[in-house]
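Working notes, structure below.
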Amino acid sequence: MSTRSWAEPYKIKAVELIRMTTREQREAAIREAGYNTFLLRSEDVYIDLLTDSGVGAMSDRQWAGLMTGDEAYAGSRNFYHLRDTVEKYYSYKYMVPTHQGRGAEHILSQILISDGDYIPGNMYFTTTRLHQELAGGTFVDVIIDEAHDPLSEHPFKGNVDIEKLDALVEKVGADHIPYICVATCVNMAGGQPISLANIREVRAWCDRNNVLLVHDMTRVAENAYFIQKREDGYADKSIQEIVFEICSLTDVATMSSKKDAMVNIGGFLAMNDPDLYEKACGLVVVYEGLHTYGGMAGRDMEALAIGITESVDDDHIHARVGQVEYLGERLERAGIPIVKPIGGHAVFLDARRILPHIPQEQFPAQALAAALYLESGIRSMERGVVSAGRDKVSGENIMPKLELVRLTIPRRVYTQAHMDVTADAVIRITENAAQIQGLRFVYEPKVLRFFQATFDPVID
Ligand code: F0G
């Protein structure tokens, strides 16, 4: 293990001022937001750890890149720069830009999934699963069991359980499995990586069963960091080399470039198969835009191309994950129950253990996120039963084993002092956890309910 400090390989050139609020102001704000942190106004938030998506700080080079935007409707220079960058760093030959990750998921699901198909994946992601379902498919979780256990210290909790894949083939037949979706640094598992050894096994399984391997590469550079640190034979490989190797083992990729690649908006669908590319070009013009800009402005494609280059830099990624680990280790030392090992993009609080008095039907993670905001002005996100939604067939709440609050760290945005303020606030609310009440729905949207649902405290 390197003992080098994780200190940032950049200095600050511009700052954005943020507002401190009083408890009275926060009380009014969270009530008005129906105890849902998605519905808070950003102005009422002090430290925003809702997500790492689209909230990273761009570099001076990326900002300069914006000025070189070629806003031609067709054949923008920036498209070709982006396409070549995707091939150079991620290996994929073809690429259509989309407005963000779910735009790519939509197009891919529509092309590859038929009614009655099954799509295995290493845990679900909310929008990914919904697009699979809207296309007539059923998601099947094939992640290893350890991923559902917040206490397991397995170094690669994002790994796929090949036996679960075989069992699925046995049950439904490989003909009904168009692809497996493998995410790097699995978000819902707590930002947990998959090993290269496991990706190679999945590749072999796909070849045996004639199933495509789709890569949700939203956080591939962070996954590469853990491979470098934990997997035999990779300590001397660069992040760039590891990222390339991961991508080379897969057929297709969906990317939300709002994370790893540090842009405020954008994504793409990439692949090596020219026929699939032709189909993607056919759909991107319907839902996103012409195939040489998809859902993006020329300037945004330029910022993305530069962001990809920066995202695979070893010093960058060490500082990025180092900051997340710093926060996680502080909480761990204070005895706060968190998902172990500490993930790549966030620290996940285990709401079940922090609020044992609140049954899962009363949304402990949602209640904890609201309480943290009230205490400190820090915004976090529920990743538990509210996010899991209802079963497509029975209509019952899906009760996930993981009932978590995500403290998501935006890239290159906050300082070590902000991490200390966050740790102190979490420690304070945990000490007074018995006072936190459960919640019940006031309004429950039909799809992706966590975004817009509102709640009321349950008064005993
Ligand atoms: N896949 C993963 C693993 C994601 O984390 C996300 C977004 C998407 C796909 C969809 O991409 O938002 O660009 O359409 N995750 C965000 C989050 C929203 O906060 O975790 P998108």
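Letters for chains follow the order of the structure tokens (A, B, ...), residue numbers begin at 1 for each chain, and ligand numbers begin at 1 in the order shown.
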Tell me which protein, DNA and RNA residues are within 7 Å of Ser311 of chain A, counting only C-alpha atoms, leaving out same-chain ones fewer than 5 positions away, and put them as number ranges by chain.
-> A: 221, 260-261, 316-317
Keeping only N, CA, C and O atoms, write those residues as a short mmCIF file (atom, residue, chain, number, x, y, z; two decimals), in the first residue's frame.
```cif
data_model
loop_
_atom_site.label_atom_id
_atom_site.label_comp_id
_atom_site.auth_asym_id
_atom_site.auth_seq_id
_atom_site.Cartn_x
_atom_site.Cartn_y
_atom_site.Cartn_z
N ALA A 221 -13.17 4.39 -13.92
CA ALA A 221 -11.84 4.79 -13.44
C ALA A 221 -11.70 4.50 -11.95
O ALA A 221 -10.64 4.09 -11.48
N ASP A 260 -17.46 9.93 -13.60
CA ASP A 260 -16.02 9.82 -13.84
C ASP A 260 -15.43 10.95 -14.69
O ASP A 260 -14.35 11.46 -14.40
N ALA A 261 -16.12 11.30 -15.75
CA ALA A 261 -15.53 12.19 -16.76
C ALA A 261 -15.74 13.69 -16.44
O ALA A 261 -15.32 14.55 -17.22
N HIS A 316 -5.00 12.01 -10.07
CA HIS A 316 -6.39 12.46 -9.90
C HIS A 316 -7.21 11.42 -9.14
O HIS A 316 -7.87 11.73 -8.15
N ILE A 317 -7.13 10.19 -9.60
CA ILE A 317 -8.02 9.17 -9.03
C ILE A 317 -7.61 8.82 -7.60
O ILE A 317 -8.45 8.53 -6.75
#
```
Test item: residues at most 7 Å from segment 392-406 of chain A, only C-alpha atoms, excluding those fewer than 6 positions along its chain, as a ChimeraX atom specification = /A:148,346-352,365,369,380-385
Could you turn the residues from that selection into a file that holds N, CA and C atoms, as a compact mmCIF listing (two decimals), in the first residue's frame?
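Writing done, so here's part-v2.txt:
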```txt
# COMPACT_ATOMS: atom_id res chain seq x y z
N HIS A 148 -24.77 -7.85 -0.76
CA HIS A 148 -25.97 -7.44 -0.02
C HIS A 148 -25.72 -7.37 1.49
N ALA A 346 -18.60 7.34 -2.71
CA ALA A 346 -19.48 7.74 -1.62
C ALA A 346 -19.23 6.89 -0.39
N VAL A 347 -19.64 7.43 0.74
CA VAL A 347 -19.70 6.64 1.97
C VAL A 347 -21.17 6.38 2.22
N PHE A 348 -21.51 5.12 2.48
CA PHE A 348 -22.91 4.73 2.65
C PHE A 348 -23.16 4.42 4.12
N LEU A 349 -24.09 5.16 4.72
CA LEU A 349 -24.47 4.91 6.12
C LEU A 349 -25.49 3.79 6.17
N ASP A 350 -25.33 2.90 7.13
CA ASP A 350 -26.23 1.76 7.26
C ASP A 350 -27.41 2.17 8.16
N ALA A 351 -28.49 2.61 7.53
CA ALA A 351 -29.62 3.17 8.28
C ALA A 351 -30.30 2.13 9.16
N ARG A 352 -30.29 0.87 8.73
CA ARG A 352 -30.88 -0.18 9.57
C ARG A 352 -30.23 -0.22 10.95
N ALA A 365 -33.87 4.96 5.91
CA ALA A 365 -32.82 5.72 5.22
C ALA A 365 -33.33 7.10 4.80
N ALA A 369 -31.72 10.64 6.09
CA ALA A 369 -31.27 11.69 5.17
C ALA A 369 -31.91 13.03 5.54
N SER A 380 -27.95 14.52 1.54
CA SER A 380 -27.53 13.17 1.15
C SER A 380 -28.70 12.53 0.40
N MET A 381 -28.58 11.25 0.09
CA MET A 381 -29.63 10.58 -0.69
C MET A 381 -29.98 9.22 -0.11
N GLU A 382 -31.27 8.92 -0.11
CA GLU A 382 -31.74 7.59 0.30
C GLU A 382 -31.39 6.57 -0.77
N ARG A 383 -30.86 5.43 -0.37
CA ARG A 383 -30.68 4.30 -1.30
C ARG A 383 -31.14 3.06 -0.56
N GLY A 384 -32.46 2.91 -0.46
CA GLY A 384 -33.03 1.79 0.27
C GLY A 384 -34.37 1.44 -0.35
N VAL A 385 -35.35 1.24 0.50
CA VAL A 385 -36.64 0.73 0.02
C VAL A 385 -37.36 1.75 -0.88
```
What are the DSSP strand (DSSP E or B) residues of segment 51-289 of chain A, as a ChimeraX atom specification?
-> /A:94-98,118-121,138-141,143,160,179-183,186,192,212-216,252-256,267-271
Keeping only N, CA and C atoms, write the selected residues as an mmCIF file, in the first residue's frame.
```cif
data_model
loop_
_atom_site.group_PDB
_atom_site.id
_atom_site.type_symbol
_atom_site.label_atom_id
_atom_site.label_comp_id
_atom_site.auth_asym_id
_atom_site.auth_seq_id
_atom_site.Cartn_x
_atom_site.Cartn_y
_atom_site.Cartn_z
ATOM 1 N N TYR A 94 -17.122 2.541 -32.046
ATOM 2 C CA TYR A 94 -18.247 3.395 -32.461
ATOM 3 C C TYR A 94 -18.910 4.009 -31.235
ATOM 4 N N MET A 95 -19.530 5.183 -31.445
ATOM 5 C CA MET A 95 -20.093 5.875 -30.290
ATOM 6 C C MET A 95 -21.169 6.835 -30.762
ATOM 7 N N VAL A 96 -22.318 6.827 -30.090
ATOM 8 C CA VAL A 96 -23.289 7.905 -30.310
ATOM 9 C C VAL A 96 -23.430 8.694 -29.009
ATOM 10 N N PRO A 97 -23.311 10.014 -29.084
ATOM 11 C CA PRO A 97 -23.487 10.828 -27.865
ATOM 12 C C PRO A 97 -24.960 10.839 -27.457
ATOM 13 N N THR A 98 -25.221 10.893 -26.157
ATOM 14 C CA THR A 98 -26.594 10.999 -25.649
ATOM 15 C C THR A 98 -26.627 12.106 -24.595
ATOM 16 N N TYR A 118 -34.813 -11.654 -20.291
ATOM 17 C CA TYR A 118 -34.250 -11.454 -18.954
ATOM 18 C C TYR A 118 -32.890 -10.788 -19.091
ATOM 19 N N ILE A 119 -32.628 -9.817 -18.234
ATOM 20 C CA ILE A 119 -31.345 -9.109 -18.292
ATOM 21 C C ILE A 119 -30.657 -9.208 -16.943
ATOM 22 N N PRO A 120 -29.653 -10.105 -16.845
ATOM 23 C CA PRO A 120 -28.918 -10.187 -15.594
ATOM 24 C C PRO A 120 -27.990 -8.987 -15.416
ATOM 25 N N GLY A 121 -27.730 -8.652 -14.159
ATOM 26 C CA GLY A 121 -26.829 -7.542 -13.888
ATOM 27 C C GLY A 121 -26.247 -7.667 -12.492
ATOM 28 N N THR A 138 -37.026 -8.283 -17.962
ATOM 29 C CA THR A 138 -37.033 -8.432 -16.505
ATOM 30 C C THR A 138 -35.590 -8.463 -16.029
ATOM 31 N N PHE A 139 -35.280 -7.618 -15.063
ATOM 32 C CA PHE A 139 -33.926 -7.582 -14.503
ATOM 33 C C PHE A 139 -33.741 -8.747 -13.528
ATOM 34 N N VAL A 140 -32.558 -9.361 -13.562
ATOM 35 C CA VAL A 140 -32.247 -10.442 -12.604
ATOM 36 C C VAL A 140 -30.906 -10.124 -11.943
ATOM 37 N N ASP A 141 -30.925 -10.084 -10.616
ATOM 38 C CA ASP A 141 -29.702 -9.739 -9.880
ATOM 39 C C ASP A 141 -28.768 -10.950 -9.796
ATOM 40 N N ILE A 143 -25.386 -10.514 -8.739
ATOM 41 C CA ILE A 143 -24.194 -10.108 -7.998
ATOM 42 C C ILE A 143 -23.933 -11.137 -6.886
ATOM 43 N N VAL A 160 -19.698 -10.698 -10.249
ATOM 44 C CA VAL A 160 -20.852 -11.474 -10.690
ATOM 45 C C VAL A 160 -20.690 -12.910 -10.196
ATOM 46 N N TYR A 179 -28.405 -9.832 -23.243
ATOM 47 C CA TYR A 179 -27.114 -9.369 -22.743
ATOM 48 C C TYR A 179 -27.095 -9.391 -21.221
ATOM 49 N N ILE A 180 -25.880 -9.342 -20.696
ATOM 50 C CA ILE A 180 -25.717 -9.116 -19.264
ATOM 51 C C ILE A 180 -25.174 -7.700 -19.117
ATOM 52 N N CYS A 181 -25.683 -6.974 -18.139
ATOM 53 C CA CYS A 181 -25.170 -5.625 -17.892
ATOM 54 C C CYS A 181 -24.261 -5.658 -16.666
ATOM 55 N N VAL A 182 -22.991 -5.398 -16.881
ATOM 56 C CA VAL A 182 -22.022 -5.400 -15.792
ATOM 57 C C VAL A 182 -21.591 -3.959 -15.513
ATOM 58 N N ALA A 183 -21.831 -3.520 -14.294
ATOM 59 C CA ALA A 183 -21.430 -2.160 -13.916
ATOM 60 C C ALA A 183 -20.065 -2.212 -13.238
ATOM 61 N N VAL A 186 -19.999 -0.720 -8.532
ATOM 62 C CA VAL A 186 -21.462 -0.829 -8.460
ATOM 63 C C VAL A 186 -22.052 0.173 -7.464
ATOM 64 N N GLN A 192 -18.905 -0.413 -5.014
ATOM 65 C CA GLN A 192 -18.000 -1.563 -4.863
ATOM 66 C C GLN A 192 -17.515 -2.066 -6.219
ATOM 67 N N LEU A 212 -24.351 -11.048 -25.182
ATOM 68 C CA LEU A 212 -23.499 -9.851 -25.242
ATOM 69 C C LEU A 212 -23.126 -9.367 -23.838
ATOM 70 N N LEU A 213 -21.960 -8.768 -23.745
ATOM 71 C CA LEU A 213 -21.509 -8.197 -22.466
ATOM 72 C C LEU A 213 -21.564 -6.667 -22.559
ATOM 73 N N VAL A 214 -22.548 -6.102 -21.847
ATOM 74 C CA VAL A 214 -22.729 -4.646 -21.831
ATOM 75 C C VAL A 214 -22.096 -4.099 -20.550
ATOM 76 N N HIS A 215 -21.392 -3.014 -20.666
ATOM 77 C CA HIS A 215 -20.634 -2.432 -19.558
ATOM 78 C C HIS A 215 -21.251 -1.090 -19.176
ATOM 79 N N ASP A 216 -21.821 -0.995 -17.981
ATOM 80 C CA ASP A 216 -22.200 0.318 -17.466
ATOM 81 C C ASP A 216 -20.927 0.919 -16.887
ATOM 82 N N VAL A 252 -20.228 -3.655 -25.458
ATOM 83 C CA VAL A 252 -21.027 -2.435 -25.579
ATOM 84 C C VAL A 252 -20.860 -1.667 -24.278
ATOM 85 N N ALA A 253 -20.981 -0.335 -24.321
ATOM 86 C CA ALA A 253 -20.919 0.420 -23.068
ATOM 87 C C ALA A 253 -21.968 1.514 -23.051
ATOM 88 N N THR A 254 -22.596 1.683 -21.873
ATOM 89 C CA THR A 254 -23.408 2.876 -21.642
ATOM 90 C C THR A 254 -22.625 3.735 -20.660
ATOM 91 N N MET A 255 -22.618 5.021 -20.904
ATOM 92 C CA MET A 255 -21.821 5.912 -20.066
ATOM 93 C C MET A 255 -22.623 7.130 -19.643
ATOM 94 N N SER A 256 -22.651 7.385 -18.336
ATOM 95 C CA SER A 256 -23.093 8.671 -17.843
ATOM 96 C C SER A 256 -21.819 9.457 -17.570
ATOM 97 N N GLY A 267 -23.383 11.967 -22.080
ATOM 98 C CA GLY A 267 -23.203 10.526 -21.981
ATOM 99 C C GLY A 267 -23.008 9.970 -23.369
ATOM 100 N N PHE A 268 -22.885 8.657 -23.456
ATOM 101 C CA PHE A 268 -22.812 8.036 -24.783
ATOM 102 C C PHE A 268 -23.118 6.559 -24.698
ATOM 103 N N LEU A 269 -23.395 6.005 -25.891
ATOM 104 C CA LEU A 269 -23.535 4.570 -26.075
ATOM 105 C C LEU A 269 -22.417 4.182 -27.030
ATOM 106 N N ALA A 270 -21.572 3.229 -26.622
ATOM 107 C CA ALA A 270 -20.412 2.869 -27.446
ATOM 108 C C ALA A 270 -20.414 1.371 -27.711
ATOM 109 N N MET A 271 -19.825 0.969 -28.819
ATOM 110 C CA MET A 271 -19.815 -0.451 -29.175
ATOM 111 C C MET A 271 -18.760 -0.729 -30.229
#
```
Select the residues contacting ligand 1 at a distance of at most 10 Å, based on only C-alpha atoms and all ligand atoms, then format the selection as an NGL selection string.
-> :A and (49-55 or 98-106 or 123-129 or 182-188 or 191 or 215-220 or 254-259 or 264-268 or 345-346 or 381 or 383 or 406 or 408 or 451)
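Reported to one decimal place, the separation of atom CA of Ala57 of chain A from atom CA of Leu290 of chain A is 28.2 Å.
Interatomic distance, atom CA of Val339 of chain A to atom CA of Gly190 of chain A: 6.6 Å.
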So which residues touch Ala29 of chain A within 8 Å, counting only C-alpha atoms, skipping near sequence neighbours fewer than 2 positions away, as a PDB file with all heavy atoms, in the first residue's frame?
```pdb
ATOM      1  N   GLN A  25     -34.667  27.780   9.357  1.00  0.00           N
ATOM      2  CA  GLN A  25     -34.783  27.788   7.892  1.00  0.00           C
ATOM      3  C   GLN A  25     -34.781  26.363   7.336  1.00  0.00           C
ATOM      4  O   GLN A  25     -35.548  26.024   6.433  1.00  0.00           O
ATOM      5  CB  GLN A  25     -33.607  28.581   7.278  1.00  0.00           C
ATOM      6  CG  GLN A  25     -33.739  30.086   7.465  1.00  0.00           C
ATOM      7  CD  GLN A  25     -32.448  30.811   7.098  1.00  0.00           C
ATOM      8  OE1 GLN A  25     -31.342  30.272   7.205  1.00  0.00           O
ATOM      9  NE2 GLN A  25     -32.581  32.063   6.674  1.00  0.00           N
ATOM     10  N   ARG A  26     -33.945  25.530   7.925  1.00  0.00           N
ATOM     11  CA  ARG A  26     -33.858  24.147   7.419  1.00  0.00           C
ATOM     12  C   ARG A  26     -35.121  23.366   7.755  1.00  0.00           C
ATOM     13  O   ARG A  26     -35.583  22.538   6.975  1.00  0.00           O
ATOM     14  CB  ARG A  26     -32.623  23.445   7.992  1.00  0.00           C
ATOM     15  CG  ARG A  26     -31.325  24.030   7.474  1.00  0.00           C
ATOM     16  CD  ARG A  26     -30.156  23.121   7.755  1.00  0.00           C
ATOM     17  NE  ARG A  26     -29.853  22.969   9.166  1.00  0.00           N
ATOM     18  CZ  ARG A  26     -29.090  23.791   9.886  1.00  0.00           C
ATOM     19  NH1 ARG A  26     -28.549  24.852   9.311  1.00  0.00           N
ATOM     20  NH2 ARG A  26     -28.864  23.571  11.167  1.00  0.00           N
ATOM     21  N   GLU A  27     -35.685  23.650   8.924  1.00  0.00           N
ATOM     22  CA  GLU A  27     -36.928  22.983   9.316  1.00  0.00           C
ATOM     23  C   GLU A  27     -38.026  23.280   8.294  1.00  0.00           C
ATOM     24  O   GLU A  27     -38.724  22.373   7.835  1.00  0.00           O
ATOM     25  CB  GLU A  27     -37.374  23.501  10.689  1.00  0.00           C
ATOM     26  CG  GLU A  27     -37.578  22.419  11.716  1.00  0.00           C
ATOM     27  CD  GLU A  27     -37.474  22.979  13.132  1.00  0.00           C
ATOM     28  OE1 GLU A  27     -37.936  24.130  13.357  1.00  0.00           O
ATOM     29  OE2 GLU A  27     -36.914  22.283  13.983  1.00  0.00           O
ATOM     30  N   ARG A  31     -39.572  20.466   5.511  1.00  0.00           N
ATOM     31  CA  ARG A  31     -41.019  20.219   5.550  1.00  0.00           C
ATOM     32  C   ARG A  31     -41.628  20.494   4.176  1.00  0.00           C
ATOM     33  O   ARG A  31     -42.387  19.699   3.640  1.00  0.00           O
ATOM     34  CB  ARG A  31     -41.670  21.092   6.629  1.00  0.00           C
ATOM     35  CG  ARG A  31     -42.919  20.458   7.206  1.00  0.00           C
ATOM     36  CD  ARG A  31     -43.580  21.238   8.340  1.00  0.00           C
ATOM     37  NE  ARG A  31     -42.696  21.773   9.348  1.00  0.00           N
ATOM     38  CZ  ARG A  31     -42.454  23.072   9.551  1.00  0.00           C
ATOM     39  NH1 ARG A  31     -43.059  23.998   8.810  1.00  0.00           N
ATOM     40  NH2 ARG A  31     -41.645  23.475  10.508  1.00  0.00           N
ATOM     41  N   GLU A  32     -41.220  21.635   3.606  1.00  0.00           N
ATOM     42  CA  GLU A  32     -41.747  21.998   2.279  1.00  0.00           C
ATOM     43  C   GLU A  32     -41.345  20.968   1.218  1.00  0.00           C
ATOM     44  O   GLU A  32     -42.077  20.718   0.253  1.00  0.00           O
ATOM     45  CB  GLU A  32     -41.225  23.385   1.886  1.00  0.00           C
ATOM     46  CG  GLU A  32     -42.030  24.024   0.779  1.00  0.00           C
ATOM     47  CD  GLU A  32     -41.437  25.374   0.382  1.00  0.00           C
ATOM     48  OE1 GLU A  32     -40.972  26.110   1.285  1.00  0.00           O
ATOM     49  OE2 GLU A  32     -41.425  25.664  -0.821  1.00  0.00           O
ATOM     50  N   ALA A  33     -40.163  20.347   1.415  1.00  0.00           N
ATOM     51  CA  ALA A  33     -39.675  19.346   0.457  1.00  0.00           C
ATOM     52  C   ALA A  33     -40.284  17.967   0.715  1.00  0.00           C
ATOM     53  O   ALA A  33     -39.896  16.993   0.069  1.00  0.00           O
ATOM     54  CB  ALA A  33     -38.154  19.260   0.551  1.00  0.00           C
ATOM     55  N   LEU A  40     -35.414  19.511  -2.156  1.00  0.00           N
ATOM     56  CA  LEU A  40     -34.862  20.736  -1.550  1.00  0.00           C
ATOM     57  C   LEU A  40     -34.330  21.656  -2.639  1.00  0.00           C
ATOM     58  O   LEU A  40     -33.841  21.192  -3.674  1.00  0.00           O
ATOM     59  CB  LEU A  40     -33.691  20.375  -0.628  1.00  0.00           C
ATOM     60  CG  LEU A  40     -34.004  19.711   0.707  1.00  0.00           C
ATOM     61  CD1 LEU A  40     -32.713  19.149   1.309  1.00  0.00           C
ATOM     62  CD2 LEU A  40     -34.655  20.701   1.669  1.00  0.00           C
ATOM     63  N   ARG A  41     -34.389  22.943  -2.374  1.00  0.00           N
ATOM     64  CA  ARG A  41     -33.714  23.876  -3.276  1.00  0.00           C
ATOM     65  C   ARG A  41     -32.230  23.845  -2.953  1.00  0.00           C
ATOM     66  O   ARG A  41     -31.860  23.891  -1.779  1.00  0.00           O
ATOM     67  CB  ARG A  41     -34.221  25.297  -3.065  1.00  0.00           C
ATOM     68  CG  ARG A  41     -35.626  25.488  -3.547  1.00  0.00           C
ATOM     69  CD  ARG A  41     -36.107  26.853  -3.100  1.00  0.00           C
ATOM     70  NE  ARG A  41     -37.524  26.966  -3.402  1.00  0.00           N
ATOM     71  CZ  ARG A  41     -38.034  27.904  -4.193  1.00  0.00           C
ATOM     72  NH1 ARG A  41     -37.250  28.841  -4.707  1.00  0.00           N
ATOM     73  NH2 ARG A  41     -39.309  27.933  -4.448  1.00  0.00           N
ATOM     74  N   ASP A  44     -30.756  26.148  -0.373  1.00  0.00           N
ATOM     75  CA  ASP A  44     -30.949  25.860   1.048  1.00  0.00           C
ATOM     76  C   ASP A  44     -29.978  24.801   1.575  1.00  0.00           C
ATOM     77  O   ASP A  44     -30.111  24.343   2.702  1.00  0.00           O
ATOM     78  CB  ASP A  44     -32.400  25.384   1.297  1.00  0.00           C
ATOM     79  CG  ASP A  44     -33.412  26.490   1.035  1.00  0.00           C
ATOM     80  OD1 ASP A  44     -33.045  27.673   1.193  1.00  0.00           O
ATOM     81  OD2 ASP A  44     -34.553  26.172   0.645  1.00  0.00           O
TER      82      ASP A  44
END
```
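Rounded to one decimal, atom CA of Cys206 of chain A and atom CA of Pro150 of chain A lie 29.0 Å from each other.
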Nearest residue to Lys157 of chain A from the set A:Gly298, A:Ile354, A:Pro341, A:Glu431 (distances using only C-alpha atoms) =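 Of A:Gly298, A:Ile354, A:Pro341, A:Glu431, the one nearest Lys157 of chain A, counting only C-alpha atoms, is A:Pro341.
Distances here use only C-alpha atoms; by that measure, the residue among A:Ile194, A:Val211, A:Ile459, A:Leu368 closest to Val169 of chain A is A:Val211.
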Between A:Gly377, A:Gly289, A:Pro356, A:Pro9, single out the one closest to Ala425 of chain A, counting only C-alpha atoms.
->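 The answer is A:Gly377, which sits nearest to Ala425 of chain A.
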Quick one: everything within 12 Å of Ala305 of chain A, counting only C-alpha atoms, minus sequence neighbours fewer than 5 positions away in the same chain. Send it as a ChimeraX atom specification.
-> /A:58,61-63,65-66,69,77-90,97,257,260-263,266-268,298-300,310-312
Go ahead and save the residues from that selection, with C-alpha atoms, as a compact mmCIF listing (two decimals), in the first residue's frame.
```
# COMPACT_ATOMS: atom_id res chain seq x y z
CA MET A 58 -14.31 21.11 -14.46
CA ARG A 61 -8.66 23.08 -19.64
CA GLN A 62 -12.24 21.84 -19.80
CA TRP A 63 -13.56 25.40 -19.44
CA GLY A 65 -12.49 23.59 -24.29
CA LEU A 66 -16.01 25.01 -24.05
CA GLY A 69 -17.18 24.33 -29.31
CA ARG A 77 -15.12 18.86 -34.84
CA ASN A 78 -15.74 18.11 -31.17
CA PHE A 79 -17.66 14.95 -32.05
CA TYR A 80 -14.61 13.53 -33.82
CA HIS A 81 -12.39 14.53 -30.91
CA LEU A 82 -14.76 12.77 -28.51
CA ARG A 83 -15.08 9.69 -30.72
CA ASP A 84 -11.28 9.35 -30.99
CA THR A 85 -10.89 9.86 -27.23
CA VAL A 86 -13.47 7.15 -26.48
CA GLU A 87 -11.59 4.74 -28.75
CA LYS A 88 -8.18 5.67 -27.34
CA TYR A 89 -9.05 5.36 -23.65
CA TYR A 90 -12.04 3.03 -23.66
CA PRO A 97 -23.49 10.83 -27.87
CA SER A 257 -20.17 11.03 -18.30
CA ASP A 260 -16.02 9.82 -13.84
CA ALA A 261 -15.53 12.19 -16.76
CA MET A 262 -16.41 15.33 -14.78
CA VAL A 263 -18.81 17.14 -17.06
CA GLY A 266 -23.60 14.21 -21.30
CA GLY A 267 -23.20 10.53 -21.98
CA PHE A 268 -22.81 8.04 -24.78
CA GLY A 298 -20.38 20.72 -29.44
CA ARG A 299 -18.76 22.53 -26.51
CA ASP A 300 -19.98 19.88 -24.08
CA GLU A 310 -8.13 13.76 -16.88
CA SER A 311 -10.25 11.01 -15.32
CA VAL A 312 -7.70 8.26 -15.99
```
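Of the residues under consideration (A:Asp420, A:Asn159, A:Asp236, A:Arg390), A:Arg390 shows the shortest atom-to-atom contact distance to Glu444 of chain A when counting only C-alpha atoms.
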Backbone DSSP call of helix (DSSP H, G or I) for segment 128-210 of chain A, listed as a ChimeraX atom specification | /A:128-134,145-148,162-172,174-176,196-209
Which one is closest to Val284 of chain A: A:Gly75, A:Met296, A:Thr415, A:Thr37? Count only C-alpha atoms.
-> A:Met296
Long-range neighbours of Tyr414 of chain A as a VMD selection string, 10 Å cut-off, only C-alpha atoms, 3 positions minimum in chain = chain A and resid 47 to 49 56 to 57 323 409 to 411 417 to 419
Selection from above, N, CA, C and O atoms, as a JSON list (two decimals), in the first residue's frame, can you write it?
```json
[["chain", "number", "residue", "atom", "x", "y", "z"],
["A", 47, "ILE", "N", -23.64, 21.75, 2.32],
["A", 47, "ILE", "CA", -22.72, 20.84, 1.63],
["A", 47, "ILE", "C", -23.58, 19.82, 0.88],
["A", 47, "ILE", "O", -24.37, 19.10, 1.49],
["A", 48, "ASP", "N", -23.44, 19.79, -0.43],
["A", 48, "ASP", "CA", -24.35, 18.99, -1.25],
["A", 48, "ASP", "C", -23.73, 17.65, -1.61],
["A", 48, "ASP", "O", -22.95, 17.54, -2.55],
["A", 49, "LEU", "N", -24.12, 16.62, -0.86],
["A", 49, "LEU", "CA", -23.62, 15.27, -1.10],
["A", 49, "LEU", "C", -24.74, 14.38, -1.64],
["A", 49, "LEU", "O", -24.77, 13.18, -1.40],
["A", 56, "GLY", "N", -19.32, 17.68, -10.60],
["A", 56, "GLY", "CA", -17.87, 17.78, -10.47],
["A", 56, "GLY", "C", -17.40, 19.16, -10.91],
["A", 56, "GLY", "O", -18.12, 19.90, -11.58],
["A", 57, "ALA", "N", -16.17, 19.51, -10.48],
["A", 57, "ALA", "CA", -15.59, 20.78, -10.91],
["A", 57, "ALA", "C", -14.77, 20.54, -12.17],
["A", 57, "ALA", "O", -13.86, 19.71, -12.17],
["A", 323, "GLN", "N", -10.13, 11.03, -0.85],
["A", 323, "GLN", "CA", -11.00, 11.92, -0.08],
["A", 323, "GLN", "C", -12.23, 11.16, 0.45],
["A", 323, "GLN", "O", -12.65, 11.37, 1.59],
["A", 409, "ILE", "N", -19.60, 12.06, -2.80],
["A", 409, "ILE", "CA", -18.63, 13.15, -2.87],
["A", 409, "ILE", "C", -18.44, 13.59, -4.33],
["A", 409, "ILE", "O", -17.94, 12.81, -5.15],
["A", 410, "PRO", "N", -18.83, 14.83, -4.65],
["A", 410, "PRO", "CA", -18.56, 15.35, -5.99],
["A", 410, "PRO", "C", -17.04, 15.42, -6.23],
["A", 410, "PRO", "O", -16.27, 15.58, -5.28],
["A", 411, "ARG", "N", -16.64, 15.27, -7.48],
["A", 411, "ARG", "CA", -15.20, 15.26, -7.79],
["A", 411, "ARG", "C", -14.63, 16.69, -7.81],
["A", 411, "ARG", "O", -15.16, 17.56, -8.47],
["A", 417, "ALA", "N", -11.86, 20.10, 5.10],
["A", 417, "ALA", "CA", -12.66, 20.70, 6.18],
["A", 417, "ALA", "C", -14.14, 20.38, 5.99],
["A", 417, "ALA", "O", -14.86, 20.13, 6.96],
["A", 418, "HIS", "N", -14.60, 20.37, 4.74],
["A", 418, "HIS", "CA", -16.00, 20.00, 4.49],
["A", 418, "HIS", "C", -16.26, 18.54, 4.90],
["A", 418, "HIS", "O", -17.33, 18.21, 5.41],
["A", 419, "MET", "N", -15.26, 17.70, 4.66],
["A", 419, "MET", "CA", -15.41, 16.28, 5.07],
["A", 419, "MET", "C", -15.50, 16.20, 6.59],
["A", 419, "MET", "O", -16.27, 15.41, 7.14]]
```
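Each of A:Val386, A:Lys13, A:Gln110, A:Gln437 was checked against Glu133 of chain A using only C-alpha atoms; the smallest atom-to-atom distance is that of A:Gln110.
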Pick out the residues sitting within 10 Å of Asp313 of chain A, and hand them over as number ranges by chain; count only C-alpha atoms, and ignore anything fewer than 4 positions along from it in its own chain.
-> A: 221, 238-240, 308-309, 317-318
